[in-house]
Amino acid sequence: MASRLTRCANTWAINGGMGGVIKEFFPYEYLNSIFDIDYAKLYDKGYRGLIFDIDNTLVHHGGDSTEEVNALFKKVHSTGFKTVLLTNNDEVRVQRFIRGIDTLYICDADKPDTRNYLKALKVMGINKEEAVCVGDQIFTDILGANRSGIASILVDFIRSGSEKKIGKLRYAEKIIIKLYQMSRAYKSRLGDIQDMHNKGLVD
Ligand SMILES: [Mg+2]
């Protein structure tokens, strides 16, 4: 009975019973990592700019960039994308991170405030329908993108080896992700953009 009630409550919440508030937290897509995104497919769909969070999205919090991440940026740039790193972290952190990456960036971004999402569009010279934001946090990256009218991809957060605990916000995120996965209207709004090669599902 309880689970039936929970299901009813969830359906009600997903379908806008909460005044549609919950949908502000729903990403357009949810994948394991930045390497699971098929960027060529996104480009084919008309997207031209990528807004990336840094910490826990590209590398673990405070980490330097890696060969794989540097190569990924080279790949998306050669596909034709413009990129902006949008981070609440400071200039020193970004300068250290981008040593091997040729990209625009906005630091001290105050996400989920929309102001710097709109600035990111401006510096890339694209409109909001042409941008996709990629981040690991629902309450900053995804919320800000939704409020700015920008599509978003949530990825699982990267933890450093020594990081064992996860915070309360991460538990709240898990609940929202469950609701998101149950919502037919909001799930996978970007269509088929998963990189099957990376999953080893295609030769
Ligand atoms: Mg992050």
# chains A, B, ... in the order shown; residues from 1 in each chain; ligands from 1

$ residues_around --residues "range 188-200 of chain A" --least-positions-apart "3" --cutoff "9 Å" --atoms "only C-alpha atoms" --output "PDB file with C-alpha atoms, in the first residue's frame"
ATOM      1  CA  PRO A  27      18.126  17.480 -16.444  1.00  0.00           C
ATOM      2  CA  TYR A  28      17.444  16.781 -20.107  1.00  0.00           C
ATOM      3  CA  GLU A  29      19.641  13.690 -19.859  1.00  0.00           C
ATOM      4  CA  TYR A  30      21.457  11.786 -17.143  1.00  0.00           C
ATOM      5  CA  LEU A  31      24.616   9.808 -17.967  1.00  0.00           C
ATOM      6  CA  PHE A  35      32.836  10.401 -21.832  1.00  0.00           C
ATOM      7  CA  ASP A  36      29.407   8.797 -22.328  1.00  0.00           C
ATOM      8  CA  ILE A  37      28.140  11.727 -24.389  1.00  0.00           C
ATOM      9  CA  ASP A  38      28.209  11.399 -28.174  1.00  0.00           C
ATOM     10  CA  TYR A  39      29.187  14.970 -29.018  1.00  0.00           C
ATOM     11  CA  ALA A  40      28.905  14.412 -32.783  1.00  0.00           C
ATOM     12  CA  LYS A  41      25.244  13.473 -32.308  1.00  0.00           C
ATOM     13  CA  LEU A  42      24.656  16.641 -30.295  1.00  0.00           C
ATOM     14  CA  LYS A  45      21.028  17.973 -33.636  1.00  0.00           C
ATOM     15  CA  ALA A 151      19.394  22.066 -22.166  1.00  0.00           C
ATOM     16  CA  SER A 152      21.423  20.154 -19.619  1.00  0.00           C
ATOM     17  CA  ILE A 153      23.147  16.826 -19.040  1.00  0.00           C
ATOM     18  CA  GLN A 181      13.833   8.553 -14.278  1.00  0.00           C
ATOM     19  CA  ARG A 184       8.275  10.033 -19.322  1.00  0.00           C
ATOM     20  CA  ALA A 185       7.774  13.682 -20.254  1.00  0.00           C
ATOM     21  CA  ASP A 203      32.719  -2.356 -32.300  1.00  0.00           C
TER      22      ASP A 203
END

$ closest_atom_pairs --of "chain A" --to "ligand 1" --cutoff "8 Å" --atoms "only C-alpha atoms and all ligand atoms" --output "tab-separated table"
residue	atom	partner	partner_atom_place_in_ligand_line	distance
A:Asp53	CA	ligand 1	1 (Mg)	5.6
A:Ile54	CA	ligand 1	1 (Mg)	5.8
A:Asp55	CA	ligand 1	1 (Mg)	4.2
A:Asn56	CA	ligand 1	1 (Mg)	4.6
A:Thr57	CA	ligand 1	1 (Mg)	5.3
A:His61	CA	ligand 1	1 (Mg)	7.5
A:Thr87	CA	ligand 1	1 (Mg)	7.8
A:Gly135	CA	ligand 1	1 (Mg)	6.0
A:Asp136	CA	ligand 1	1 (Mg)	5.0
A:Gln137	CA	ligand 1	1 (Mg)	5.7
A:Asp141	CA	ligand 1	1 (Mg)	7.4
A:Phe157	CA	ligand 1	1 (Mg)	7.2

$ write_last_selection --atoms "C-alpha atoms" --output "PDB file, in the first residue's frame"
ATOM      1  CA  ASP A  53      31.226  22.616 -14.926  1.00  0.00           C
ATOM      2  CA  ILE A  54      34.766  21.688 -13.762  1.00  0.00           C
ATOM      3  CA  ASP A  55      34.848  20.228 -10.241  1.00  0.00           C
ATOM      4  CA  ASN A  56      33.443  16.700  -9.904  1.00  0.00           C
ATOM      5  CA  THR A  57      32.299  16.881 -13.549  1.00  0.00           C
ATOM      6  CA  HIS A  61      37.227  18.499  -6.847  1.00  0.00           C
ATOM      7  CA  THR A  87      32.557  27.429 -12.397  1.00  0.00           C
ATOM      8  CA  GLY A 135      27.438  19.308 -14.783  1.00  0.00           C
ATOM      9  CA  ASP A 136      27.308  17.063 -11.732  1.00  0.00           C
ATOM     10  CA  GLN A 137      25.073  19.098  -9.430  1.00  0.00           C
ATOM     11  CA  ASP A 141      24.484  23.313 -12.716  1.00  0.00           C
ATOM     12  CA  PHE A 157      30.047  13.206  -9.754  1.00  0.00           C
TER      13      PHE A 157
END

$ select_by_dssp --residues "range 32-81 of chain A" --states "alpha helix (DSSP H)" --output "PyMOL selection string"
chain A and resi 39-44+67-79

$ residues_around --residues "Gly125 in chain A" --least-positions-apart "4" --cutoff "10 Å" --atoms "only C-alpha atoms" --output "list in words"
Arg48, Gly49, Lys82, Lys119, Ala120, Leu121 and Glu130 of chain A

$ residues_around --residues "range 92-98 of chain A" --least-positions-apart "6" --cutoff "12 Å" --atoms "only C-alpha atoms" --output "VMD selection string"
chain A and resid 53 to 55 58 to 67 69 to 70 73 84 to 86 104 to 109

$ residues_around --residues "range 168-175 of chain A" --least-positions-apart "2" --cutoff "9 Å" --atoms "only C-alpha atoms" --output "list in words"
Phe25, Gln137, Ile138, Phe139, Ile166, Ile177, Lys178, Leu179 and Tyr180 of chain A

$ atom_distance --atom1 "CA of Ile158 in chain A" --atom2 "CA of Asp44 in chain A"
28.1 Å

$ closest_residue --among "A:Val134, A:Ser78, A:Asn89, A:Arg115" --to "Asp102 in chain A" --atoms "only C-alpha atoms"
A:Ser78
